[in-house]
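Raw contents of upload_21.cif, mmCIF, C-alpha atoms:
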```cif
data_input
#
loop_
_atom_site.group_PDB
_atom_site.id
_atom_site.type_symbol
_atom_site.label_atom_id
_atom_site.label_comp_id
_atom_site.auth_asym_id
_atom_site.auth_seq_id
_atom_site.Cartn_x
_atom_site.Cartn_y
_atom_site.Cartn_z
ATOM 1 C CA MET A 1 0.000 0.000 0.000
ATOM 2 C CA GLU A 2 1.156 3.505 -0.655
ATOM 3 C CA GLY A 3 2.212 5.346 2.447
ATOM 4 C CA ASN A 4 0.604 8.630 3.502
ATOM 5 C CA ASN A 5 1.631 11.264 6.022
ATOM 6 C CA GLY A 6 1.187 9.935 9.521
ATOM 7 C CA SER A 7 1.046 6.274 8.471
ATOM 8 C CA THR A 8 3.784 3.644 8.587
ATOM 9 C CA VAL A 9 5.110 2.530 5.223
ATOM 10 C CA THR A 10 4.953 -1.255 4.795
ATOM 11 C CA ASP A 11 6.030 -1.403 1.161
ATOM 12 C CA PHE A 12 7.700 0.752 -1.440
ATOM 13 C CA VAL A 13 7.206 1.659 -5.078
ATOM 14 C CA LEU A 14 10.315 1.464 -7.262
ATOM 15 C CA LEU A 15 9.765 4.229 -9.787
ATOM 16 C CA GLY A 16 12.661 3.061 -11.956
ATOM 17 C CA PHE A 17 12.259 4.521 -15.438
ATOM 18 C CA SER A 18 8.519 5.201 -15.143
ATOM 19 C CA ASP A 19 9.108 8.848 -16.123
ATOM 20 C CA LEU A 20 10.179 7.601 -19.567
ATOM 21 C CA PRO A 21 7.085 5.715 -20.787
ATOM 22 C CA GLN A 22 7.985 6.394 -24.428
ATOM 23 C CA LEU A 23 11.159 4.301 -23.937
ATOM 24 C CA ARG A 24 9.455 1.433 -22.137
ATOM 25 C CA LEU A 25 9.804 -1.099 -24.965
ATOM 26 C CA VAL A 26 13.365 -0.009 -25.777
ATOM 27 C CA LEU A 27 14.431 -0.344 -22.120
ATOM 28 C CA LEU A 28 12.711 -3.708 -21.797
ATOM 29 C CA VAL A 29 14.501 -5.149 -24.835
ATOM 30 C CA ALA A 30 17.844 -3.535 -23.954
ATOM 31 C CA PHE A 31 17.929 -4.768 -20.350
ATOM 32 C CA SER A 32 16.721 -8.245 -21.366
ATOM 33 C CA ILE A 33 19.504 -8.587 -23.950
ATOM 34 C CA ILE A 34 22.118 -7.194 -21.563
ATOM 35 C CA TYR A 35 21.074 -9.596 -18.812
ATOM 36 C CA LEU A 36 21.196 -12.600 -21.147
ATOM 37 C CA ILE A 37 24.684 -11.589 -22.358
ATOM 38 C CA SER A 38 25.848 -11.041 -18.775
ATOM 39 C CA ALA A 39 24.459 -14.366 -17.565
ATOM 40 C CA ALA A 40 25.873 -16.277 -20.550
ATOM 41 C CA GLY A 41 29.320 -14.671 -20.327
ATOM 42 C CA ASN A 42 29.719 -15.114 -16.589
ATOM 43 C CA LEU A 43 28.308 -18.655 -16.517
ATOM 44 C CA LEU A 44 30.648 -19.583 -19.360
ATOM 45 C CA MET A 45 33.634 -18.252 -17.434
ATOM 46 C CA ILE A 46 32.667 -20.072 -14.229
ATOM 47 C CA SER A 47 32.157 -23.332 -16.140
ATOM 48 C CA LEU A 48 35.451 -23.074 -18.057
ATOM 49 C CA ILE A 49 37.471 -22.332 -14.928
ATOM 50 C CA ILE A 50 35.894 -25.201 -12.987
ATOM 51 C CA VAL A 51 36.224 -27.759 -15.813
ATOM 52 C CA ASP A 52 39.706 -26.947 -17.163
ATOM 53 C CA ARG A 53 42.483 -27.801 -14.693
ATOM 54 C CA HIS A 54 44.916 -25.588 -16.614
ATOM 55 C CA LEU A 55 42.868 -22.622 -15.357
ATOM 56 C CA HIS A 56 43.200 -23.644 -11.700
ATOM 57 C CA THR A 57 45.590 -20.795 -10.931
ATOM 58 C CA PRO A 58 45.250 -17.801 -8.562
ATOM 59 C CA MET A 59 44.323 -15.425 -11.391
ATOM 60 C CA TYR A 60 41.462 -17.609 -12.604
ATOM 61 C CA PHE A 61 40.441 -18.440 -9.049
ATOM 62 C CA PHE A 62 39.738 -14.728 -8.543
ATOM 63 C CA LEU A 63 38.176 -14.415 -12.007
ATOM 64 C CA CYS A 64 35.779 -17.234 -11.150
ATOM 65 C CA HIS A 65 34.690 -15.348 -8.044
ATOM 66 C CA LEU A 66 34.380 -12.133 -10.065
ATOM 67 C CA SER A 67 32.099 -13.872 -12.561
ATOM 68 C CA PHE A 68 29.981 -15.254 -9.728
ATOM 69 C CA VAL A 69 29.687 -11.797 -8.143
ATOM 70 C CA ASP A 70 28.872 -10.153 -11.495
ATOM 71 C CA LEU A 71 26.187 -12.749 -12.195
ATOM 72 C CA SER A 72 24.753 -12.297 -8.698
ATOM 73 C CA LEU A 73 24.812 -8.493 -8.926
ATOM 74 C CA THR A 74 22.931 -8.367 -12.227
ATOM 75 C CA THR A 75 20.475 -11.035 -11.008
ATOM 76 C CA THR A 76 19.774 -8.944 -7.917
ATOM 77 C CA THR A 77 18.812 -5.900 -9.967
ATOM 78 C CA VAL A 78 17.992 -6.569 -13.645
ATOM 79 C CA PRO A 79 15.204 -9.227 -13.466
ATOM 80 C CA ARG A 80 13.324 -7.017 -11.012
ATOM 81 C CA LEU A 81 13.879 -4.018 -13.286
ATOM 82 C CA ILE A 82 12.556 -5.963 -16.289
ATOM 83 C CA ARG A 83 9.478 -7.058 -14.326
ATOM 84 C CA ASP A 84 8.818 -3.521 -13.106
ATOM 85 C CA THR A 85 9.114 -2.225 -16.666
ATOM 86 C CA LEU A 86 6.267 -4.572 -17.652
ATOM 87 C CA GLU A 87 4.021 -3.772 -14.679
ATOM 88 C CA SER A 88 2.176 -0.563 -13.915
ATOM 89 C CA ARG A 89 2.516 -0.887 -10.114
ATOM 90 C CA LYS A 90 6.119 -1.515 -9.121
ATOM 91 C CA ILE A 91 5.558 -2.533 -5.489
ATOM 92 C CA ILE A 92 8.250 -4.156 -3.360
ATOM 93 C CA SER A 93 7.638 -5.122 0.272
ATOM 94 C CA PHE A 94 9.744 -3.705 3.083
ATOM 95 C CA ASN A 95 11.392 -7.088 3.756
ATOM 96 C CA GLU A 96 12.084 -7.659 0.056
ATOM 97 C CA CYS A 97 13.588 -4.191 -0.134
ATOM 98 C CA LEU A 98 15.893 -4.880 2.827
ATOM 99 C CA THR A 99 16.943 -8.186 1.267
ATOM 100 C CA GLN A 100 17.776 -6.406 -1.970
ATOM 101 C CA VAL A 101 19.764 -3.770 -0.067
ATOM 102 C CA PHE A 102 21.756 -6.501 1.709
ATOM 103 C CA CYS A 103 22.508 -8.438 -1.492
ATOM 104 C CA PHE A 104 23.138 -5.342 -3.597
ATOM 105 C CA VAL A 105 25.589 -3.724 -1.154
ATOM 106 C CA SER A 106 27.319 -7.064 -0.503
ATOM 107 C CA PHE A 107 28.003 -7.795 -4.161
ATOM 108 C CA VAL A 108 29.106 -4.233 -4.925
ATOM 109 C CA CYS A 109 31.582 -4.326 -2.025
ATOM 110 C CA VAL A 110 32.898 -7.794 -2.903
ATOM 111 C CA GLU A 111 33.508 -6.597 -6.458
ATOM 112 C CA CYS A 112 35.501 -3.607 -5.155
ATOM 113 C CA PHE A 113 37.690 -5.926 -3.090
ATOM 114 C CA LEU A 114 38.064 -8.477 -5.899
ATOM 115 C CA LEU A 115 39.178 -5.861 -8.421
ATOM 116 C CA ALA A 116 41.870 -4.765 -5.964
ATOM 117 C CA VAL A 117 43.011 -8.337 -5.264
ATOM 118 C CA MET A 118 43.132 -9.124 -8.994
ATOM 119 C CA ALA A 119 45.167 -5.975 -9.682
ATOM 120 C CA PHE A 120 47.603 -6.942 -6.929
ATOM 121 C CA ASP A 121 47.782 -10.471 -8.352
ATOM 122 C CA ARG A 122 48.752 -9.078 -11.772
ATOM 123 C CA PHE A 123 51.263 -6.719 -10.134
ATOM 124 C CA VAL A 124 53.032 -9.635 -8.430
ATOM 125 C CA ALA A 125 52.906 -11.746 -11.621
ATOM 126 C CA VAL A 126 54.411 -8.982 -13.806
ATOM 127 C CA CYS A 127 56.773 -7.241 -11.382
ATOM 128 C CA ASN A 128 57.845 -10.162 -9.157
ATOM 129 C CA PRO A 129 57.336 -13.293 -11.273
ATOM 130 C CA LEU A 130 59.897 -15.357 -9.332
ATOM 131 C CA ARG A 131 57.996 -14.801 -6.072
ATOM 132 C CA TYR A 132 54.524 -15.218 -7.561
ATOM 133 C CA THR A 133 53.925 -18.837 -6.497
ATOM 134 C CA THR A 134 55.119 -18.007 -2.991
ATOM 135 C CA VAL A 135 53.134 -14.801 -2.527
ATOM 136 C CA MET A 136 49.919 -15.940 -4.217
ATOM 137 C CA ASN A 137 49.723 -19.514 -2.990
ATOM 138 C CA GLN A 138 46.475 -21.420 -2.447
ATOM 139 C CA LYS A 139 46.249 -20.601 1.268
ATOM 140 C CA VAL A 140 46.699 -16.875 0.649
ATOM 141 C CA CYS A 141 44.026 -16.898 -2.069
ATOM 142 C CA ILE A 142 41.498 -18.639 0.176
ATOM 143 C CA VAL A 143 42.240 -16.281 3.086
ATOM 144 C CA LEU A 144 41.868 -13.229 0.817
ATOM 145 C CA VAL A 145 38.521 -14.364 -0.597
ATOM 146 C CA THR A 146 37.178 -15.357 2.836
ATOM 147 C CA THR A 147 38.239 -12.002 4.293
ATOM 148 C CA LEU A 148 36.711 -9.893 1.544
ATOM 149 C CA TRP A 149 33.388 -11.766 1.735
ATOM 150 C CA THR A 150 33.349 -11.377 5.532
ATOM 151 C CA LEU A 151 34.019 -7.632 5.303
ATOM 152 C CA ALA A 152 31.398 -7.102 2.590
ATOM 153 C CA LEU A 153 28.667 -9.089 4.360
ATOM 154 C CA SER A 154 29.417 -7.346 7.676
ATOM 155 C CA TYR A 155 29.166 -3.914 6.044
ATOM 156 C CA SER A 156 25.883 -4.855 4.356
ATOM 157 C CA LEU A 157 24.453 -6.210 7.607
ATOM 158 C CA MET A 158 25.446 -2.974 9.328
ATOM 159 C CA HIS A 159 23.370 -1.025 6.796
ATOM 160 C CA VAL A 160 20.360 -3.318 7.207
ATOM 161 C CA VAL A 161 20.452 -2.964 11.007
ATOM 162 C CA LEU A 162 20.706 0.831 10.751
ATOM 163 C CA ILE A 163 17.855 0.990 8.229
ATOM 164 C CA LEU A 164 15.663 -1.062 10.590
ATOM 165 C CA ARG A 165 16.077 1.759 13.127
ATOM 166 C CA LEU A 166 14.564 4.275 10.713
ATOM 167 C CA SER A 167 10.927 5.257 10.373
ATOM 168 C CA PHE A 168 9.277 5.654 6.994
ATOM 169 C CA CYS A 169 6.090 7.603 7.449
ATOM 170 C CA SER A 170 5.579 9.772 4.380
ATOM 171 C CA SER A 171 6.168 8.921 0.717
ATOM 172 C CA ASN A 172 7.000 5.338 -0.214
ATOM 173 C CA LYS A 173 8.131 6.118 -3.773
ATOM 174 C CA ILE A 174 11.799 5.284 -4.348
ATOM 175 C CA ASN A 175 13.317 7.280 -7.207
ATOM 176 C CA HIS A 176 15.450 4.369 -8.326
ATOM 177 C CA PHE A 177 15.199 0.973 -10.018
ATOM 178 C CA VAL A 178 16.733 -0.820 -7.018
ATOM 179 C CA CYS A 179 16.380 -0.599 -3.235
ATOM 180 C CA ASP A 180 19.585 1.131 -2.212
ATOM 181 C CA THR A 181 20.709 2.967 0.902
ATOM 182 C CA VAL A 182 20.747 6.597 -0.282
ATOM 183 C CA PRO A 183 17.270 6.574 -1.932
ATOM 184 C CA LEU A 184 15.841 4.991 1.233
ATOM 185 C CA PHE A 185 17.444 7.652 3.433
ATOM 186 C CA LYS A 186 15.641 10.318 1.413
ATOM 187 C CA LEU A 187 12.279 8.765 2.332
ATOM 188 C CA SER A 188 12.931 8.421 6.055
ATOM 189 C CA CYS A 189 11.357 10.755 8.578
ATOM 190 C CA SER A 190 14.040 9.755 11.124
ATOM 191 C CA ASP A 191 17.532 11.103 11.652
ATOM 192 C CA THR A 192 19.770 9.391 9.090
ATOM 193 C CA SER A 193 23.029 11.029 10.206
ATOM 194 C CA MET A 194 24.374 7.708 11.554
ATOM 195 C CA ASN A 195 23.567 5.968 8.263
ATOM 196 C CA GLN A 196 25.275 8.733 6.308
ATOM 197 C CA LEU A 197 28.282 8.592 8.650
ATOM 198 C CA VAL A 198 28.718 4.864 7.990
ATOM 199 C CA ILE A 199 28.761 5.507 4.231
ATOM 200 C CA PHE A 200 31.271 8.350 4.450
ATOM 201 C CA THR A 201 33.600 6.509 6.859
ATOM 202 C CA VAL A 202 33.394 2.728 6.442
ATOM 203 C CA GLY A 203 31.994 2.977 2.912
ATOM 204 C CA SER A 204 34.711 5.364 1.750
ATOM 205 C CA LEU A 205 37.388 2.988 3.069
ATOM 206 C CA ILE A 206 35.753 0.041 1.283
ATOM 207 C CA VAL A 207 35.851 1.945 -2.013
ATOM 208 C CA MET A 208 38.978 4.111 -1.745
ATOM 209 C CA VAL A 209 41.427 1.544 -0.343
ATOM 210 C CA PRO A 210 40.762 -0.985 -3.144
ATOM 211 C CA PHE A 211 40.828 1.822 -5.724
ATOM 212 C CA LEU A 212 44.233 3.019 -4.488
ATOM 213 C CA ILE A 213 45.540 -0.567 -4.566
ATOM 214 C CA VAL A 214 44.343 -0.846 -8.171
ATOM 215 C CA VAL A 215 45.989 2.455 -9.154
ATOM 216 C CA PHE A 216 49.256 1.538 -7.409
ATOM 217 C CA SER A 217 49.334 -1.960 -8.928
ATOM 218 C CA TYR A 218 48.668 -0.826 -12.483
ATOM 219 C CA ALA A 219 51.099 2.089 -12.168
ATOM 220 C CA ARG A 220 53.845 -0.379 -11.235
ATOM 221 C CA ILE A 221 52.757 -2.684 -14.063
ATOM 222 C CA VAL A 222 52.961 0.165 -16.599
ATOM 223 C CA PHE A 223 56.514 0.960 -15.454
ATOM 224 C CA ALA A 224 57.397 -2.710 -15.830
ATOM 225 C CA ILE A 225 55.910 -2.761 -19.340
ATOM 226 C CA PHE A 226 58.422 -0.183 -20.568
ATOM 227 C CA LYS A 227 61.233 -2.540 -19.546
ATOM 228 C CA ILE A 228 59.939 -5.290 -21.859
ATOM 229 C CA SER A 229 62.385 -5.577 -24.761
ATOM 230 C CA SER A 230 59.825 -6.892 -27.260
ATOM 231 C CA ALA A 231 57.661 -4.176 -28.836
ATOM 232 C CA ASP A 232 54.925 -6.750 -29.480
ATOM 233 C CA GLY A 233 55.062 -7.850 -25.838
ATOM 234 C CA ARG A 234 54.770 -4.247 -24.658
ATOM 235 C CA ARG A 235 51.805 -3.650 -26.942
ATOM 236 C CA LYS A 236 49.899 -6.749 -25.822
ATOM 237 C CA THR A 237 50.542 -6.180 -22.109
ATOM 238 C CA PHE A 238 49.665 -2.491 -22.334
ATOM 239 C CA SER A 239 46.473 -3.268 -24.287
ATOM 240 C CA THR A 240 45.358 -5.742 -21.631
ATOM 241 C CA CYS A 241 46.179 -3.423 -18.720
ATOM 242 C CA SER A 242 44.520 -0.401 -20.338
ATOM 243 C CA SER A 243 41.273 -2.316 -20.921
ATOM 244 C CA HIS A 244 41.296 -3.565 -17.329
ATOM 245 C CA LEU A 245 41.971 -0.077 -16.007
ATOM 246 C CA THR A 246 39.174 1.410 -18.127
ATOM 247 C CA VAL A 247 36.583 -0.970 -16.659
ATOM 248 C CA VAL A 248 37.907 -0.473 -13.121
ATOM 249 C CA THR A 249 37.843 3.319 -13.455
ATOM 250 C CA LEU A 250 34.279 3.172 -14.776
ATOM 251 C CA TYR A 251 33.213 0.964 -11.862
ATOM 252 C CA PHE A 252 34.869 2.912 -9.047
ATOM 253 C CA GLY A 253 34.159 6.306 -10.631
ATOM 254 C CA THR A 254 30.402 5.757 -10.822
ATOM 255 C CA ILE A 255 30.297 4.405 -7.249
ATOM 256 C CA MET A 256 32.145 7.473 -5.966
ATOM 257 C CA PHE A 257 29.756 9.702 -7.896
ATOM 258 C CA MET A 258 26.748 7.914 -6.383
ATOM 259 C CA TYR A 259 27.719 7.824 -2.725
ATOM 260 C CA PHE A 260 30.415 10.402 -1.992
ATOM 261 C CA ARG A 261 29.029 13.688 -3.218
ATOM 262 C CA PRO A 262 26.873 16.408 -1.598
ATOM 263 C CA SER A 263 23.184 15.479 -1.395
ATOM 264 C CA SER A 264 22.356 18.895 -2.867
ATOM 265 C CA SER A 265 23.755 17.706 -6.221
ATOM 266 C CA TYR A 266 21.265 14.826 -6.417
ATOM 267 C CA SER A 267 19.929 14.199 -9.918
ATOM 268 C CA LEU A 268 17.552 11.333 -10.719
ATOM 269 C CA THR A 269 18.742 11.016 -14.320
ATOM 270 C CA LYS A 270 22.464 11.117 -13.479
ATOM 271 C CA ASP A 271 22.051 8.689 -10.579
ATOM 272 C CA ARG A 272 20.188 6.162 -12.709
ATOM 273 C CA VAL A 273 22.813 6.347 -15.451
ATOM 274 C CA ALA A 274 25.622 5.914 -12.891
ATOM 275 C CA SER A 275 23.821 2.975 -11.284
ATOM 276 C CA VAL A 276 23.312 1.258 -14.633
ATOM 277 C CA MET A 277 27.040 1.669 -15.308
ATOM 278 C CA TYR A 278 28.280 -0.215 -12.240
ATOM 279 C CA THR A 279 25.365 -2.601 -11.637
ATOM 280 C CA VAL A 280 24.541 -3.641 -15.211
ATOM 281 C CA LEU A 281 27.152 -2.656 -17.809
ATOM 282 C CA ALA A 282 30.357 -3.328 -15.822
ATOM 283 C CA PRO A 283 29.291 -6.861 -14.760
ATOM 284 C CA THR A 284 28.333 -7.563 -18.378
ATOM 285 C CA VAL A 285 31.625 -6.513 -19.959
ATOM 286 C CA ASN A 286 33.887 -7.929 -17.211
ATOM 287 C CA PRO A 287 33.976 -11.527 -18.502
ATOM 288 C CA PHE A 288 34.849 -10.263 -21.998
ATOM 289 C CA ILE A 289 37.478 -7.762 -20.843
ATOM 290 C CA TYR A 290 39.141 -9.880 -18.158
ATOM 291 C CA SER A 291 38.681 -13.385 -19.463
ATOM 292 C CA LEU A 292 37.431 -14.019 -22.976
ATOM 293 C CA ARG A 293 40.256 -11.938 -24.494
ATOM 294 C CA ASN A 294 42.745 -14.157 -22.675
ATOM 295 C CA ASN A 295 44.615 -16.731 -24.760
ATOM 296 C CA ASP A 296 44.377 -19.401 -22.043
ATOM 297 C CA VAL A 297 40.605 -19.017 -21.896
ATOM 298 C CA ILE A 298 40.252 -19.058 -25.676
ATOM 299 C CA ARG A 299 42.355 -22.240 -25.875
ATOM 300 C CA SER A 300 40.261 -23.825 -23.120
ATOM 301 C CA LEU A 301 37.045 -22.895 -24.916
ATOM 302 C CA LYS A 302 38.298 -24.274 -28.246
ATOM 303 C CA LYS A 303 39.450 -27.470 -26.553
ATOM 304 C CA ILE A 304 36.061 -28.063 -24.897
ATOM 305 C CA ILE A 305 34.156 -27.235 -28.092
ATOM 306 C CA GLY A 306 36.452 -29.496 -30.108
ATOM 307 C CA HIS A 307 36.060 -32.303 -27.571
ATOM 308 C CA ASN A 308 32.267 -32.052 -27.745
ATOM 309 C CA VAL A 309 32.314 -32.060 -31.568
ATOM 310 C CA LEU A 310 34.534 -35.156 -31.629
ATOM 311 C CA SER A 311 32.313 -36.890 -29.063
ATOM 312 C CA ARG A 312 29.249 -36.299 -31.226
ATOM 313 C CA ASN A 313 31.007 -37.594 -34.338
ATOM 314 C CA VAL A 314 32.050 -40.749 -32.523
#
```

Go ahead and express the file in the form of structure tokens.
Amino acid sequence: MEGNNGSTVTDFVLLGFSDLPQLRLVLLVAFSIIYLISAAGNLLMISLIIVDRHLHTPMYFFLCHLSFVDLSLTTTTVPRLIRDTLESRKIISFNECLTQVFCFVSFVCVECFLLAVMAFDRFVAVCNPLRYTTVMNQKVCIVLVTTLWTLALSYSLMHVVLILRLSFCSSNKINHFVCDTVPLFKLSCSDTSMNQLVIFTVGSLIVMVPFLIVVFSYARIVFAIFKISSADGRRKTFSTCSSHLTVVTLYFGTIMFMYFRPSSSYSLTKDRVASVMYTVLAPTVNPFIYSLRNNDVIRSLKKIIGHNVLSRNV
């Protein structure tokens, strides 16, 4: 039910792109295609890494987790967005909204951490190749992944607990296509200073520390590239690093724009575009940028396809 002044809100309305009815069909088709591409790309990567033992290395261990997180992030947001695009009333219950907040924040944070870990992994591989197997051994990889999931889930749970302390007693219309912290704060009739403080302190550390690790790692990698004697080797390595850095900058840049700017500069259109960038587009292109351009992955894919063709012929 739609909340009114003086009443307690028990559900919300995700406005999404309802102010653009003329683009309804275009958005529906676009998001459906994007989600299918994202799901196919990430599922393919997870399957290849699990099946092919040659890909059981630290780099692909992290890539497998990245694909899982990307698939989970788009599944948390896009199917609901597609459904809401089809329906006239875009109602989501309070409990469903909190669940989406928890999942959404968790996956976004895990991705931040993973991008930093993967950048550090490449830094060690390129700049300290002789120490790579020692530094990035199996135990270290498992500890890193366990730690980043623990930190992300704890931060998400902190937000859910703080949101449960808030009262929502006026409008229940969320100017977004997903239940997120900042849009919910704007609807609360309680003091949200503690919630905002958590974002600007803990949240800024969760975003800025990984971003600085990424920048440091790729800066060192670029310096190492110039020492490569082969011009072809420099070109290939630089091409790979530049594509990685482009996606990472897009991801972190849009997150910083969303959460670490004055509330007075709020813009529905800009916020939706930024959200689509890091919740839909980045998870879709990640498997193609990080994995499917990789020679090892291409060889693995060809080998599996060739094996299946031979099996059918036999």

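Excluding A:Thr57 itself and any same-chain residue fewer than 2 positions from it, the protein and nucleic acid residues within 10 Å of it, counting all atoms listed in the file, are Ile49, Arg53, His54, Leu55, Met59, Tyr60, Phe61, Phe62, Leu63, Thr133, Met136, Asn137, Gln138 and Cys141 of chain A.
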
Next item on the list: Write out as a ChimeraX atom specification which residues come within 10 Å of A:Val248 when counting only C-alpha atoms, dropping same-chain ones fewer than 2 positions away.
Entry: /A:112,115-116,119,211,214-215,242-246,250-253,278,282,286

Next item on the list: Return the single residue from A:Phe168, A:Arg89, A:Leu157, A:Phe120 that is closest to A:Phe216, with distances computed using all atoms listed in the file.
Entry: A:Phe120

Next item on the list: Using all atoms listed in the file, pick whichever of A:Thr99, A:Ser38, A:Ser106, A:Gln196 has the shortest atom-to-atom distance to A:Tyr155.
Entry: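 Looking at the shortest contact to A:Tyr155, the residue is A:Ser106.
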
Notebook entry, point to check: For A:Ser72, which residue out of A:Thr284, A:Val209, A:Lys186, A:Asp52 is the nearest one, using all atoms listed in the file?
Noted result: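 With all atoms listed in the file as the atom set, the closest residue is A:Thr284.
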
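With atom CA of A:Leu73 on one side and atom CA of A:Glu111 on the other, the separation reads 9.2 Å.
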
Note to self: Please determine, counting all atoms listed in the file, which residue among A:Ile92, A:Ala224, A:Val276, A:Val105 has the shortest atom-to-atom distance to A:Asp180.
What the structure shows: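 The shortest atom-to-atom distance to A:Asp180 comes from A:Val105.
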
Margin query: Can you translate the PyMOL selection byres ((chain A and resi 17-23) around 10) into the concrete residues it hits in this file, as a list in words?
Written below: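 Applying the expression gives Leu14, Leu15, Gly16, Arg24, Leu25, Val26, Leu27, Leu28, Leu81, Asp84, Thr85, Ser88, Arg89, Lys90, Asn175, His176, Phe177, Leu268, Thr269 and Arg272 of chain A.
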
Could you list the residues chosen by the PyMOL selection byres ((chain A and resi 148) around 12) in this structure as a CSV table (one decimal) with C-alpha atoms, in the coordinates of the input?
```csv
chain,number,residue,atom,x,y,z
A,62,PHE,CA,39.7,-14.7,-8.5
A,65,HIS,CA,34.7,-15.3,-8.0
A,106,SER,CA,27.3,-7.1,-0.5
A,107,PHE,CA,28.0,-7.8,-4.2
A,108,VAL,CA,29.1,-4.2,-4.9
A,109,CYS,CA,31.6,-4.3,-2.0
A,110,VAL,CA,32.9,-7.8,-2.9
A,111,GLU,CA,33.5,-6.6,-6.5
A,112,CYS,CA,35.5,-3.6,-5.2
A,113,PHE,CA,37.7,-5.9,-3.1
A,114,LEU,CA,38.1,-8.5,-5.9
A,115,LEU,CA,39.2,-5.9,-8.4
A,116,ALA,CA,41.9,-4.8,-6.0
A,117,VAL,CA,43.0,-8.3,-5.3
A,141,CYS,CA,44.0,-16.9,-2.1
A,142,ILE,CA,41.5,-18.6,0.2
A,143,VAL,CA,42.2,-16.3,3.1
A,144,LEU,CA,41.9,-13.2,0.8
A,145,VAL,CA,38.5,-14.4,-0.6
A,146,THR,CA,37.2,-15.4,2.8
A,147,THR,CA,38.2,-12.0,4.3
A,149,TRP,CA,33.4,-11.8,1.7
A,150,THR,CA,33.3,-11.4,5.5
A,151,LEU,CA,34.0,-7.6,5.3
A,152,ALA,CA,31.4,-7.1,2.6
A,153,LEU,CA,28.7,-9.1,4.4
A,154,SER,CA,29.4,-7.3,7.7
A,155,TYR,CA,29.2,-3.9,6.0
A,206,ILE,CA,35.8,0.0,1.3
A,210,PRO,CA,40.8,-1.0,-3.1
```

Next item on the list: Measuring atom to atom with all atoms listed in the file, identify which of A:Val297, A:Leu71, A:Thr192, A:Phe185 is nearest to A:Ile50.
Entry: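 Using all atoms listed in the file, the shortest distance to A:Ile50 belongs to A:Val297.
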
Notebook entry, point to check: From the set A:Cys179, A:Ile298, A:Val51, A:Leu43, which residue has the shortest atom-to-atom contact distance to A:Ser275, counting all atoms listed in the file?
Noted result: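 Among the listed residues, A:Cys179 lies closest to A:Ser275.
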
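Here the residues that fall within 7 Å of (9.2, -0.5, 1.1), using only C-alpha atoms, are given as Val9, Thr10, Asp11, Phe12, Val13, Ile92, Ser93, Phe94, Cys97 and Asn172 of chain A.
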
Notebook entry, point to check: Just how far from atom CA of A:Val280 is atom CA of A:Tyr35, in Å to one decimal?
Noted result: 7.8 Å

Next item on the list: Considering all atoms listed in the file, return as number ranges by chain whatever protein or nucleic-acid residues lie within 9 Å of A:Ile163, sequence-local ones (same chain, fewer than 4 positions apart) excluded.
Entry: A: 98, 158-159, 167, 181, 184-185, 192, 195
